[in-house]
>>> print(open('run07.cif').read())   # mmCIF, C-alpha atoms and all ligand atoms
data_coords
loop_
_atom_site.group_PDB
_atom_site.id
_atom_site.type_symbol
_atom_site.label_atom_id
_atom_site.label_comp_id
_atom_site.auth_asym_id
_atom_site.auth_seq_id
_atom_site.Cartn_x
_atom_site.Cartn_y
_atom_site.Cartn_z
ATOM 1 C CA MET A 272 11.165 19.858 -3.984
ATOM 2 C CA LYS A 273 10.079 18.180 -0.756
ATOM 3 C CA PHE A 274 8.788 14.635 -1.230
ATOM 4 C CA LEU A 275 7.092 12.379 1.304
ATOM 5 C CA VAL A 276 6.569 8.670 0.644
ATOM 6 C CA CYS A 277 4.177 6.567 2.744
ATOM 7 C CA VAL A 278 5.547 3.065 3.214
ATOM 8 C CA LYS A 279 3.616 0.209 4.777
ATOM 9 C CA GLN A 280 5.065 -2.976 6.246
ATOM 10 C CA VAL A 281 2.840 -5.783 5.015
ATOM 11 C CA VAL A 282 2.516 -9.517 5.402
ATOM 12 C CA ASP A 283 4.054 -11.328 2.454
ATOM 13 C CA THR A 284 0.835 -12.756 1.050
ATOM 14 C CA SER A 285 2.664 -15.771 -0.382
ATOM 15 C CA GLN A 286 3.302 -16.773 3.268
ATOM 16 C CA MET A 287 0.106 -15.415 4.793
ATOM 17 C CA GLU A 288 -1.457 -17.343 7.672
ATOM 18 C CA VAL A 289 -4.658 -16.628 9.582
ATOM 19 C CA ASP A 290 -4.844 -17.450 13.293
ATOM 20 C CA PRO A 291 -7.851 -19.817 13.452
ATOM 21 C CA ALA A 292 -8.640 -18.796 17.051
ATOM 22 C CA THR A 293 -8.787 -15.016 16.489
ATOM 23 C CA GLY A 294 -9.373 -14.838 12.728
ATOM 24 C CA ARG A 295 -6.504 -12.282 12.551
ATOM 25 C CA LEU A 296 -3.484 -12.317 10.266
ATOM 26 C CA LYS A 297 -0.389 -13.777 11.885
ATOM 27 C CA ARG A 298 2.241 -11.019 11.658
ATOM 28 C CA ASN A 299 5.900 -11.610 12.462
ATOM 29 C CA ASN A 300 9.271 -10.402 11.233
ATOM 30 C CA ALA A 301 9.833 -13.470 9.066
ATOM 31 C CA ASN A 302 6.862 -12.820 6.813
ATOM 32 C CA SER A 303 6.967 -8.992 6.757
ATOM 33 C CA ILE A 304 8.052 -7.030 3.689
ATOM 34 C CA MET A 305 7.709 -3.522 2.228
ATOM 35 C CA ASN A 306 4.426 -3.193 0.325
ATOM 36 C CA PRO A 307 5.529 -3.733 -3.313
ATOM 37 C CA MET A 308 3.811 -0.639 -4.780
ATOM 38 C CA ASP A 309 5.524 1.525 -2.126
ATOM 39 C CA ARG A 310 8.791 0.668 -3.917
ATOM 40 C CA ASN A 311 7.270 2.229 -7.057
ATOM 41 C CA ALA A 312 6.258 5.289 -5.006
ATOM 42 C CA LEU A 313 9.839 5.576 -3.694
ATOM 43 C CA GLU A 314 11.292 5.216 -7.194
ATOM 44 C CA ALA A 315 8.968 7.976 -8.480
ATOM 45 C CA ALA A 316 10.195 10.280 -5.690
ATOM 46 C CA PHE A 317 13.863 9.462 -6.387
ATOM 47 C CA ALA A 318 13.442 10.055 -10.141
ATOM 48 C CA LEU A 319 11.805 13.464 -9.552
ATOM 49 C CA ARG A 320 14.487 14.334 -6.971
ATOM 50 C CA ASP A 321 17.168 13.406 -9.546
ATOM 51 C CA GLN A 322 15.496 15.833 -11.972
ATOM 52 C CA ALA A 323 14.444 18.718 -9.729
ATOM 53 C CA GLY A 324 16.535 18.264 -6.569
ATOM 54 C CA GLY A 325 15.154 18.106 -3.040
ATOM 55 C CA ARG A 326 14.685 15.640 -0.190
ATOM 56 C CA VAL A 327 12.769 12.413 0.182
ATOM 57 C CA THR A 328 11.212 11.724 3.592
ATOM 58 C CA VAL A 329 9.592 8.365 4.365
ATOM 59 C CA ILE A 330 6.889 7.651 6.915
ATOM 60 C CA SER A 331 5.262 4.476 8.182
ATOM 61 C CA MET A 332 2.637 3.778 10.808
ATOM 62 C CA GLY A 333 2.991 0.459 12.569
ATOM 63 C CA PRO A 334 4.609 -1.454 15.421
ATOM 64 C CA PRO A 335 8.320 -0.883 16.261
ATOM 65 C CA GLN A 336 9.398 -3.639 13.829
ATOM 66 C CA ALA A 337 7.999 -1.556 10.926
ATOM 67 C CA ALA A 338 11.228 0.474 11.255
ATOM 68 C CA ALA A 339 12.760 -2.257 9.059
ATOM 69 C CA VAL A 340 10.920 -1.017 5.936
ATOM 70 C CA LEU A 341 12.000 2.567 6.681
ATOM 71 C CA LYS A 342 15.635 1.435 6.956
ATOM 72 C CA GLU A 343 15.204 -0.363 3.630
ATOM 73 C CA ALA A 344 13.827 2.849 2.082
ATOM 74 C CA ILE A 345 16.930 4.699 3.333
ATOM 75 C CA SER A 346 19.166 2.074 1.734
ATOM 76 C CA MET A 347 17.278 2.684 -1.543
ATOM 77 C CA GLY A 348 17.918 6.455 -1.287
ATOM 78 C CA ALA A 349 15.541 8.154 1.193
ATOM 79 C CA ASP A 350 16.978 11.025 3.233
ATOM 80 C CA GLU A 351 15.015 10.812 6.488
ATOM 81 C CA ALA A 352 12.468 8.512 8.144
ATOM 82 C CA TYR A 353 9.622 8.702 10.657
ATOM 83 C CA LEU A 354 7.810 5.832 12.372
ATOM 84 C CA VAL A 355 4.363 6.634 13.763
ATOM 85 C CA THR A 356 4.063 4.107 16.546
ATOM 86 C CA ASP A 357 2.020 3.811 19.706
ATOM 87 C CA ARG A 358 -0.215 1.139 21.243
ATOM 88 C CA ALA A 359 -3.011 3.734 21.029
ATOM 89 C CA PHE A 360 -2.879 3.458 17.193
ATOM 90 C CA GLY A 361 -3.442 -0.363 17.241
ATOM 91 C CA GLY A 362 -6.525 -1.786 15.521
ATOM 92 C CA ALA A 363 -6.879 1.263 13.257
ATOM 93 C CA ASP A 364 -9.004 0.941 10.110
ATOM 94 C CA THR A 365 -8.204 3.001 6.997
ATOM 95 C CA LEU A 366 -9.970 6.126 8.314
ATOM 96 C CA ALA A 367 -8.047 6.115 11.614
ATOM 97 C CA THR A 368 -4.806 5.204 9.773
ATOM 98 C CA SER A 369 -5.098 8.075 7.280
ATOM 99 C CA TYR A 370 -6.150 10.541 10.003
ATOM 100 C CA THR A 371 -3.134 9.587 12.154
ATOM 101 C CA LEU A 372 -0.724 9.681 9.197
ATOM 102 C CA SER A 373 -2.104 13.103 8.169
ATOM 103 C CA ARG A 374 -1.530 14.537 11.645
ATOM 104 C CA ALA A 375 2.018 13.108 11.597
ATOM 105 C CA ILE A 376 2.673 14.634 8.152
ATOM 106 C CA GLU A 377 1.494 18.049 9.400
ATOM 107 C CA LYS A 378 3.816 17.681 12.381
ATOM 108 C CA ILE A 379 6.866 16.849 10.211
ATOM 109 C CA GLY A 380 6.388 19.766 7.816
ATOM 110 C CA SER A 381 4.979 20.742 4.444
ATOM 111 C CA PHE A 382 5.560 18.722 1.272
ATOM 112 C CA ASP A 383 5.214 19.508 -2.435
ATOM 113 C CA LEU A 384 4.367 15.918 -3.297
ATOM 114 C CA ILE A 385 3.140 12.956 -1.232
ATOM 115 C CA LEU A 386 3.425 9.525 -2.846
ATOM 116 C CA CYS A 387 1.720 6.312 -1.758
ATOM 117 C CA GLY A 388 1.330 2.868 -3.225
ATOM 118 C CA GLN A 389 -2.014 2.462 -4.948
ATOM 119 C CA GLU A 390 -2.961 -0.374 -2.612
ATOM 120 C CA SER A 391 -1.423 -2.704 -0.074
ATOM 121 C CA ILE A 392 -1.159 -6.446 -0.695
ATOM 122 C CA ASP A 393 -2.512 -7.418 2.726
ATOM 123 C CA SER A 394 -5.603 -5.202 3.058
ATOM 124 C CA ASN A 395 -6.006 -3.888 -0.533
ATOM 125 C CA THR A 396 -8.458 -1.087 0.154
ATOM 126 C CA ALA A 397 -6.651 1.627 -1.902
ATOM 127 C CA GLN A 398 -8.261 4.121 0.494
ATOM 128 C CA VAL A 399 -5.355 5.450 2.535
ATOM 129 C CA GLY A 400 -3.783 7.706 -0.146
ATOM 130 C CA PRO A 401 -7.003 9.503 -1.181
ATOM 131 C CA GLU A 402 -8.056 9.792 2.485
ATOM 132 C CA ILE A 403 -4.753 11.477 3.415
ATOM 133 C CA ALA A 404 -5.238 13.914 0.511
ATOM 134 C CA ALA A 405 -8.795 14.672 1.667
ATOM 135 C CA THR A 406 -7.715 15.156 5.302
ATOM 136 C CA LEU A 407 -4.888 17.487 4.291
ATOM 137 C CA GLY A 408 -7.089 19.268 1.730
ATOM 138 C CA MET A 409 -4.836 18.632 -1.274
ATOM 139 C CA SER A 410 -5.505 17.375 -4.790
ATOM 140 C CA ASP A 411 -4.800 13.732 -5.592
ATOM 141 C CA VAL A 412 -4.525 11.359 -8.526
ATOM 142 C CA SER A 413 -4.853 7.584 -8.049
ATOM 143 C CA ALA A 414 -3.343 4.658 -9.951
ATOM 144 C CA ALA A 415 -0.527 6.492 -11.748
ATOM 145 C CA VAL A 416 1.224 4.670 -14.606
ATOM 146 C CA GLY A 417 3.294 7.724 -15.616
ATOM 147 C CA ILE A 418 4.509 10.928 -13.921
ATOM 148 C CA SER A 419 6.468 13.755 -15.550
ATOM 149 C CA CYS A 420 7.359 17.316 -14.674
ATOM 150 C CA GLU A 421 7.065 19.705 -17.634
ATOM 151 C CA LYS A 422 5.947 22.929 -15.962
ATOM 152 C CA GLU A 423 7.053 24.409 -12.653
ATOM 153 C CA GLY A 424 4.490 23.835 -9.887
ATOM 154 C CA PHE A 425 2.619 21.159 -11.873
ATOM 155 C CA LEU A 426 2.975 17.451 -12.652
ATOM 156 C CA THR A 427 1.567 15.536 -15.600
ATOM 157 C CA VAL A 428 0.120 12.259 -14.385
ATOM 158 C CA GLU A 429 -1.064 9.431 -16.599
ATOM 159 C CA ARG A 430 -3.385 6.797 -15.230
ATOM 160 C CA GLN A 431 -5.137 3.698 -16.447
ATOM 161 C CA MET A 432 -8.949 3.919 -16.686
ATOM 162 C CA GLY A 433 -10.212 0.521 -17.890
ATOM 163 C CA ASP A 434 -9.019 0.294 -21.509
ATOM 164 C CA ASN A 435 -8.164 4.003 -21.642
ATOM 165 C CA ARG A 436 -5.312 6.139 -20.422
ATOM 166 C CA GLU A 437 -6.189 9.480 -18.830
ATOM 167 C CA VAL A 438 -3.612 12.291 -18.763
ATOM 168 C CA LEU A 439 -4.077 14.866 -16.009
ATOM 169 C CA GLU A 440 -2.259 18.013 -15.024
ATOM 170 C CA MET A 441 -1.960 18.271 -11.243
ATOM 171 C CA LYS A 442 -1.133 21.475 -9.383
ATOM 172 C CA LEU A 443 1.275 21.024 -6.489
ATOM 173 C CA PRO A 444 1.075 20.379 -3.589
ATOM 174 C CA GLY A 445 -0.651 17.086 -4.293
ATOM 175 C CA LEU A 446 -0.754 13.362 -3.628
ATOM 176 C CA ILE A 447 -0.309 10.539 -6.134
ATOM 177 C CA THR A 448 -0.881 6.810 -5.617
ATOM 178 C CA CYS A 449 1.455 4.645 -7.687
ATOM 179 C CA THR A 450 0.898 1.331 -9.498
ATOM 180 C CA GLY A 451 3.443 -1.403 -10.196
ATOM 181 C CA GLU A 452 3.455 -0.332 -13.845
ATOM 182 C CA LEU A 453 4.814 3.132 -13.096
ATOM 183 C CA ASN A 454 8.529 2.311 -13.046
ATOM 184 C CA LYS A 455 11.189 -0.239 -12.110
ATOM 185 C CA PRO A 456 12.238 0.374 -8.488
ATOM 186 C CA ARG A 457 15.968 0.676 -7.864
ATOM 187 C CA TYR A 458 17.921 -1.695 -5.624
ATOM 188 C CA PRO A 459 19.697 -0.471 -2.474
ATOM 189 C CA SER A 460 23.141 0.955 -3.284
ATOM 190 C CA ILE A 461 26.327 0.302 -1.265
ATOM 191 C CA LYS A 462 26.208 3.988 -0.235
ATOM 192 C CA GLY A 463 22.574 3.558 0.830
ATOM 193 C CA ILE A 464 23.315 0.395 2.831
ATOM 194 C CA LEU A 465 26.006 2.321 4.739
ATOM 195 C CA LYS A 466 23.705 5.353 5.153
ATOM 196 C CA LYS A 467 20.953 3.227 6.667
ATOM 197 C CA GLU A 468 23.214 2.581 9.688
ATOM 198 C CA GLU A 469 23.735 6.338 10.180
ATOM 199 C CA VAL A 470 20.228 7.714 9.658
ATOM 200 C CA GLU A 471 18.057 7.418 12.748
ATOM 201 C CA VAL A 472 14.373 6.504 12.366
ATOM 202 C CA LYS A 473 12.505 9.134 14.398
ATOM 203 C CA ASN A 474 9.527 7.839 16.376
ATOM 204 C CA LEU A 475 6.294 9.812 16.671
ATOM 205 C CA THR A 476 3.839 8.727 19.383
ATOM 206 C CA ALA A 477 0.276 9.865 20.117
ATOM 207 C CA ALA A 478 1.679 12.353 22.656
ATOM 208 C CA ASP A 479 3.853 13.938 19.913
ATOM 209 C CA LEU A 480 0.914 14.494 17.554
ATOM 210 C CA ASN A 481 -2.044 16.799 17.755
ATOM 211 C CA VAL A 482 -4.529 13.885 17.603
ATOM 212 C CA ASP A 483 -8.103 13.605 18.792
ATOM 213 C CA ALA A 484 -8.133 10.431 20.973
ATOM 214 C CA ALA A 485 -11.608 9.558 19.630
ATOM 215 C CA ARG A 486 -10.269 9.372 16.033
ATOM 216 C CA ILE A 487 -7.314 6.988 16.508
ATOM 217 C CA GLY A 488 -6.880 3.228 16.949
ATOM 218 C CA MET A 489 -9.821 0.902 17.459
ATOM 219 C CA LYS A 490 -11.943 3.705 19.023
ATOM 220 C CA GLY A 491 -11.572 5.870 15.934
ATOM 221 C CA SER A 492 -12.367 3.008 13.510
ATOM 222 C CA PRO A 493 -15.965 2.791 12.263
ATOM 223 C CA THR A 494 -15.271 -0.467 10.368
ATOM 224 C CA GLN A 495 -14.818 -3.746 12.177
ATOM 225 C CA VAL A 496 -13.366 -6.977 10.783
ATOM 226 C CA ARG A 497 -15.848 -9.655 11.902
ATOM 227 C CA GLN A 498 -14.019 -12.630 10.451
ATOM 228 C CA VAL A 499 -11.093 -13.544 8.204
ATOM 229 C CA ARG A 500 -11.132 -16.971 6.591
ATOM 230 C CA PRO A 501 -9.136 -18.605 3.815
ATOM 231 C CA VAL A 502 -11.013 -19.114 0.577
ATOM 232 C CA VAL A 503 -10.818 -22.767 -0.467
ATOM 233 C CA PRO A 504 -11.067 -23.140 -4.252
ATOM 234 C CA PRO A 505 -13.971 -25.449 -5.263
ATOM 235 C CA LYS A 506 -12.865 -29.039 -5.778
ATOM 236 C CA LYS A 507 -12.945 -30.116 -9.434
ATOM 237 C CA GLU A 508 -14.619 -33.407 -10.205
ATOM 238 C CA ASN A 509 -13.704 -35.511 -13.234
ATOM 239 C CA LEU A 510 -16.408 -37.286 -15.207
ATOM 240 C CA ARG A 511 -15.424 -40.400 -17.090
ATOM 241 C CA ILE A 512 -17.869 -41.641 -19.726
ATOM 242 C CA GLU A 513 -17.261 -45.287 -20.497
ATOM 243 C CA GLY A 514 -19.016 -48.079 -22.343
ATOM 244 C CA GLY A 515 -22.355 -47.926 -24.131
ATOM 245 C CA THR A 516 -22.983 -46.576 -27.600
ATOM 246 C CA ALA A 517 -21.839 -43.188 -28.881
ATOM 247 C CA GLU A 518 -25.474 -41.966 -28.454
ATOM 248 C CA ASP A 519 -25.514 -43.093 -24.766
ATOM 249 C CA ALA A 520 -22.217 -41.307 -24.157
ATOM 250 C CA ALA A 521 -23.549 -38.140 -25.859
ATOM 251 C CA ASP A 522 -26.716 -38.237 -23.684
ATOM 252 C CA GLU A 523 -24.661 -38.701 -20.521
ATOM 253 C CA LEU A 524 -22.371 -35.813 -21.487
ATOM 254 C CA THR A 525 -25.350 -33.554 -22.324
ATOM 255 C CA ALA A 526 -26.981 -34.365 -18.951
ATOM 256 C CA ALA A 527 -23.739 -33.570 -17.109
ATOM 257 C CA LEU A 528 -23.345 -30.241 -18.973
ATOM 258 C CA LYS A 529 -27.003 -29.322 -18.221
ATOM 259 C CA LYS A 530 -26.340 -29.965 -14.525
ATOM 260 C CA LEU A 531 -23.552 -27.371 -14.747
ATOM 261 C CA ASN A 532 -25.793 -24.983 -16.751
ATOM 262 C CA LEU A 533 -23.406 -25.347 -19.693
ATOM 263 C CA ALA A 534 -25.866 -26.865 -22.155
HETATM 264 C C1 LIG B 1 -11.376 -2.907 12.315
HETATM 265 C C2 LIG B 1 -10.018 -3.020 11.742
HETATM 266 C C3 LIG B 1 -8.978 -3.385 12.580
HETATM 267 C C4 LIG B 1 -7.712 -3.479 12.083
HETATM 268 N N1 LIG B 1 -6.754 -3.810 12.922
HETATM 269 C C5 LIG B 1 -5.509 -3.888 12.498
HETATM 270 C C6 LIG B 1 -4.462 -4.219 13.404
HETATM 271 O O1 LIG B 1 -4.686 -4.442 14.569
HETATM 272 N N2 LIG B 1 -3.193 -4.260 12.923
HETATM 273 C C7 LIG B 1 -2.926 -4.004 11.603
HETATM 274 O O2 LIG B 1 -1.752 -4.050 11.228
HETATM 275 N N3 LIG B 1 -3.903 -3.703 10.717
HETATM 276 C C8 LIG B 1 -5.179 -3.631 11.128
HETATM 277 N N4 LIG B 1 -6.169 -3.332 10.244
HETATM 278 C C9 LIG B 1 -5.813 -3.084 8.846
HETATM 279 C C10 LIG B 1 -5.538 -1.593 8.677
HETATM 280 O O3 LIG B 1 -6.722 -0.880 8.727
HETATM 281 C C11 LIG B 1 -4.908 -1.351 7.349
HETATM 282 O O4 LIG B 1 -3.694 -2.053 7.343
HETATM 283 C C12 LIG B 1 -4.598 0.121 7.119
HETATM 284 O O5 LIG B 1 -5.676 0.948 7.408
HETATM 285 C C13 LIG B 1 -4.184 0.382 5.707
HETATM 286 O O6 LIG B 1 -5.184 -0.065 4.831
HETATM 287 P P1 LIG B 1 -4.761 -0.755 3.488
HETATM 288 O O7 LIG B 1 -3.656 -1.705 3.787
HETATM 289 O O8 LIG B 1 -5.966 -1.271 2.824
HETATM 290 O O9 LIG B 1 -4.134 0.463 2.695
HETATM 291 P P2 LIG B 1 -4.238 0.889 1.181
HETATM 292 O O10 LIG B 1 -5.098 2.076 1.101
HETATM 293 O O11 LIG B 1 -4.550 -0.282 0.286
HETATM 294 O O12 LIG B 1 -2.724 1.293 0.998
HETATM 295 C C14 LIG B 1 -2.320 2.203 -0.007
HETATM 296 C C15 LIG B 1 -1.052 2.876 0.406
HETATM 297 O O13 LIG B 1 -1.269 3.709 1.544
HETATM 298 C C16 LIG B 1 -0.068 3.768 2.301
HETATM 299 N N5 LIG B 1 -0.293 3.171 3.618
HETATM 300 C C17 LIG B 1 -1.293 2.366 4.024
HETATM 301 N N6 LIG B 1 -1.139 2.013 5.315
HETATM 302 C C18 LIG B 1 -0.012 2.630 5.732
HETATM 303 C C19 LIG B 1 0.699 2.657 6.958
HETATM 304 N N7 LIG B 1 0.288 1.975 8.033
HETATM 305 N N8 LIG B 1 1.819 3.414 7.025
HETATM 306 C C20 LIG B 1 2.266 4.109 5.951
HETATM 307 N N9 LIG B 1 1.647 4.112 4.771
HETATM 308 C C21 LIG B 1 0.522 3.374 4.658
HETATM 309 C C22 LIG B 1 0.983 2.975 1.531
HETATM 310 O O14 LIG B 1 1.646 3.846 0.651
HETATM 311 C C23 LIG B 1 0.111 1.992 0.766
HETATM 312 O O15 LIG B 1 0.748 1.472 -0.380
HETATM 313 C C24 LIG B 1 -7.450 -3.231 10.705
HETATM 314 C C25 LIG B 1 -8.500 -2.904 9.865
HETATM 315 C C26 LIG B 1 -9.777 -2.801 10.368
HETATM 316 C C27 LIG B 1 -10.885 -2.447 9.438
#
>>> encode(input="run07.cif", output="structure tokens")
Amino acid sequence: MKFLVCVKQVVDTSQMEVDPATGRLKRNNANSIMNPMDRNALEAAFALRDQAGGRVTVISMGPPQAAAVLKEAISMGADEAYLVTDRAFGGADTLATSYTLSRAIEKIGSFDLILCGQESIDSNTAQVGPEIAATLGMSDVSAAVGISCEKEGFLTVERQMGDNREVLEMKLPGLITCTGELNKPRYPSIKGILKKEEVEVKNLTAADLNVDAARIGMKGSPTQVRQVRPVVPPKKENLRIEGGTAEDAADELTAALKKLNLA
């Protein structure tokens, strides 16, 4: 089977900083990591490859430094890697991102299964996977917590729906978005670490893809981020009730609770 895994380089949200002047996220190599759920997507591809055979290709769209997450995917077990990179893709929203990734996927070849993380930790829209499926005209299942292959040409996918679990049969080719609950991602192996030096990350630019210039980058993005600001948790105030009789203290406490709409 031919597997494709979409991998995004994200800002480690535990070290996330917003530039106060521009309102944009400060991105640099020090605080960049592979989106955690993309590790689950990779593990799902490796497990199915172990069972059914095949190749795992990884793709990322981002600046040149995003090659680091593709190299990491190779060290975990991916066979080949593509980086979709061009200044013309900068400022893309989810629609422009999924359109560009879809054109790149068509350029690379056909795949039986495309796997994505369910959502990224730095933008969290959960839109890119389903949008790629819609652009490529294939079926998709979101938020997978279980994937198994029991019948040729089909996958059984389990997903969480509130308090329920839904079990679906998906005809291939298809796209699945993966949650952190799906599996336990493997660590890079010694063989993989050596392989990562040998396997070249192939770059794809706008000129390499059959893209409509009006649908990529900032120009192709109907959504605009007006502002990004940190959310400051409300300051807690302590109330100390001292002196007076027990009745006075009870009245004071009742008044304070009423003020908070708690009484
Ligand atoms: C107006 C606007 C301007 C923006 N400008 C910038 C900018 O200048 N620079 C910037 O870095 N971001 C920018 N963004 C954010 C950018 O749109 C998102 O990072 C991107 O579209 C993915 O959305 P998401 O992270 O919510 O993906 P989700 O849908 O939450 O991600 C789900 C999964 O989709 C896959 N995926 C998502 N993105 C990629 C990718 N790039 N490559 C491979 N797989 C992927 C991964 O498997 C991921 O786990 C901008 C957004 C807007 C709205």
>>> atom_distance(input="run07.cif", atom1="CA of Glu402 in chain A", atom2="CA of Cys387 in chain A")
11.2 Å
>>> closest_residue(input="run07.cif", among="A:Leu372, A:Val355, A:Leu386, A:Ala337", to="Asp309 in chain A", atoms="all atoms listed in the file")
A:Leu386
>>> resolve_selection(input="run07.cif", expression="the PyMOL selection byres (((chain A and resi 365) around 10) and not hetatm)", output="number ranges by chain")
A: 362-364, 366-371, 394, 396-400, 402-403, 491-494
>>> atom_distance(input="run07.cif", atom1="CA of Ser381 in chain A", atom2="CA of Lys490 in chain A")
28.1 Å
>>> closest_residue(input="run07.cif", among="A:Gly417, A:Glu471, A:Asp393, A:Leu407", to="Ala375 in chain A", atoms="all atoms listed in the file")
A:Leu407
>>> atom_distance(input="run07.cif", atom1="CA of Leu524 in chain A", atom2="CA of Pro504 in chain A")
24.2 Å
>>> resolve_selection(input="run07.cif", expression="the PyMOL selection byres (((chain A and resi 358) around 10) and not hetatm)", output="tab-separated table (two decimals) with C-alpha atoms, in the coordinates of the input")
chain	number	residue	atom	x	y	z
A	333	GLY	CA	2.99	0.46	12.57
A	334	PRO	CA	4.61	-1.45	15.42
A	356	THR	CA	4.06	4.11	16.55
A	357	ASP	CA	2.02	3.81	19.71
A	359	ALA	CA	-3.01	3.73	21.03
A	360	PHE	CA	-2.88	3.46	17.19
A	361	GLY	CA	-3.44	-0.36	17.24
A	362	GLY	CA	-6.52	-1.79	15.52
A	476	THR	CA	3.84	8.73	19.38
A	477	ALA	CA	0.28	9.86	20.12
A	488	GLY	CA	-6.88	3.23	16.95
>>> residues_around(input="run07.cif", residues="Ala349 in chain A", least_positions_apart="4", cutoff="10 Å", atoms="all atoms listed in the file", output="ChimeraX atom specification")
/A:274-276,313-314,316-317,326-329,341-345,463,466-467,470
>>> axis_aligned_box(input="run07.cif", around="ligand LIG 1 (chain B)", padding_each_side="6 Å", output="lines of an AutoDock Vina configuration file")
center_x = -4.6
center_y = -0.2
center_z = 7.1
size_x = 25.6
size_y = 20.6
size_z = 26.9
>>> closest_residue(input="run07.cif", among="A:Ala534, A:Val282, A:Met332, A:Val289", to="ligand LIG 1 (chain B)", atoms="only C-alpha atoms and all ligand atoms")
A:Met332
>>> resolve_selection(input="run07.cif", expression="the PyMOL selection byres (((chain A and resi 429-446) around 8) and not hetatm)", output="CSV table (one decimal) with C-alpha atoms, in the coordinates of the input")
chain,number,residue,atom,x,y,z
A,382,PHE,CA,5.6,18.7,1.3
A,383,ASP,CA,5.2,19.5,-2.4
A,384,LEU,CA,4.4,15.9,-3.3
A,385,ILE,CA,3.1,13.0,-1.2
A,386,LEU,CA,3.4,9.5,-2.8
A,387,CYS,CA,1.7,6.3,-1.8
A,400,GLY,CA,-3.8,7.7,-0.1
A,401,PRO,CA,-7.0,9.5,-1.2
A,404,ALA,CA,-5.2,13.9,0.5
A,409,MET,CA,-4.8,18.6,-1.3
A,410,SER,CA,-5.5,17.4,-4.8
A,411,ASP,CA,-4.8,13.7,-5.6
A,412,VAL,CA,-4.5,11.4,-8.5
A,413,SER,CA,-4.9,7.6,-8.0
A,414,ALA,CA,-3.3,4.7,-10.0
A,415,ALA,CA,-0.5,6.5,-11.7
A,416,VAL,CA,1.2,4.7,-14.6
A,417,GLY,CA,3.3,7.7,-15.6
A,418,ILE,CA,4.5,10.9,-13.9
A,424,GLY,CA,4.5,23.8,-9.9
A,425,PHE,CA,2.6,21.2,-11.9
A,426,LEU,CA,3.0,17.5,-12.7
A,427,THR,CA,1.6,15.5,-15.6
A,428,VAL,CA,0.1,12.3,-14.4
A,447,ILE,CA,-0.3,10.5,-6.1
A,448,THR,CA,-0.9,6.8,-5.6
>>> closest_residue(input="run07.cif", among="A:Leu528, A:Met272, A:Ile330, A:Ala338", to="ligand LIG 1 (chain B)", atoms="all atoms listed in the file")
A:Ile330
>>> closest_residue(input="run07.cif", among="A:Ala485, A:Ile376, A:Leu531, A:Leu465", to="ligand LIG 1 (chain B)", atoms="only C-alpha atoms and all ligand atoms")
A:Ile376
>>> residues_around(input="run07.cif", residues="Asp283 in chain A", least_positions_apart="3", cutoff="7 Å", atoms="all atoms listed in the file", output="compact mmCIF listing (two decimals) with C-alpha atoms, in the coordinates of the input")
# COMPACT_ATOMS: atom_id res chain seq x y z
CA GLN A 286 3.30 -16.77 3.27
CA MET A 287 0.11 -15.42 4.79
CA ASN A 302 6.86 -12.82 6.81
CA SER A 303 6.97 -8.99 6.76
CA ILE A 304 8.05 -7.03 3.69
>>> closest_residue(input="run07.cif", among="A:Asp350, A:Asp483, A:Glu390, A:Asp290", to="ligand LIG 1 (chain B)", atoms="all atoms listed in the file")
A:Glu390
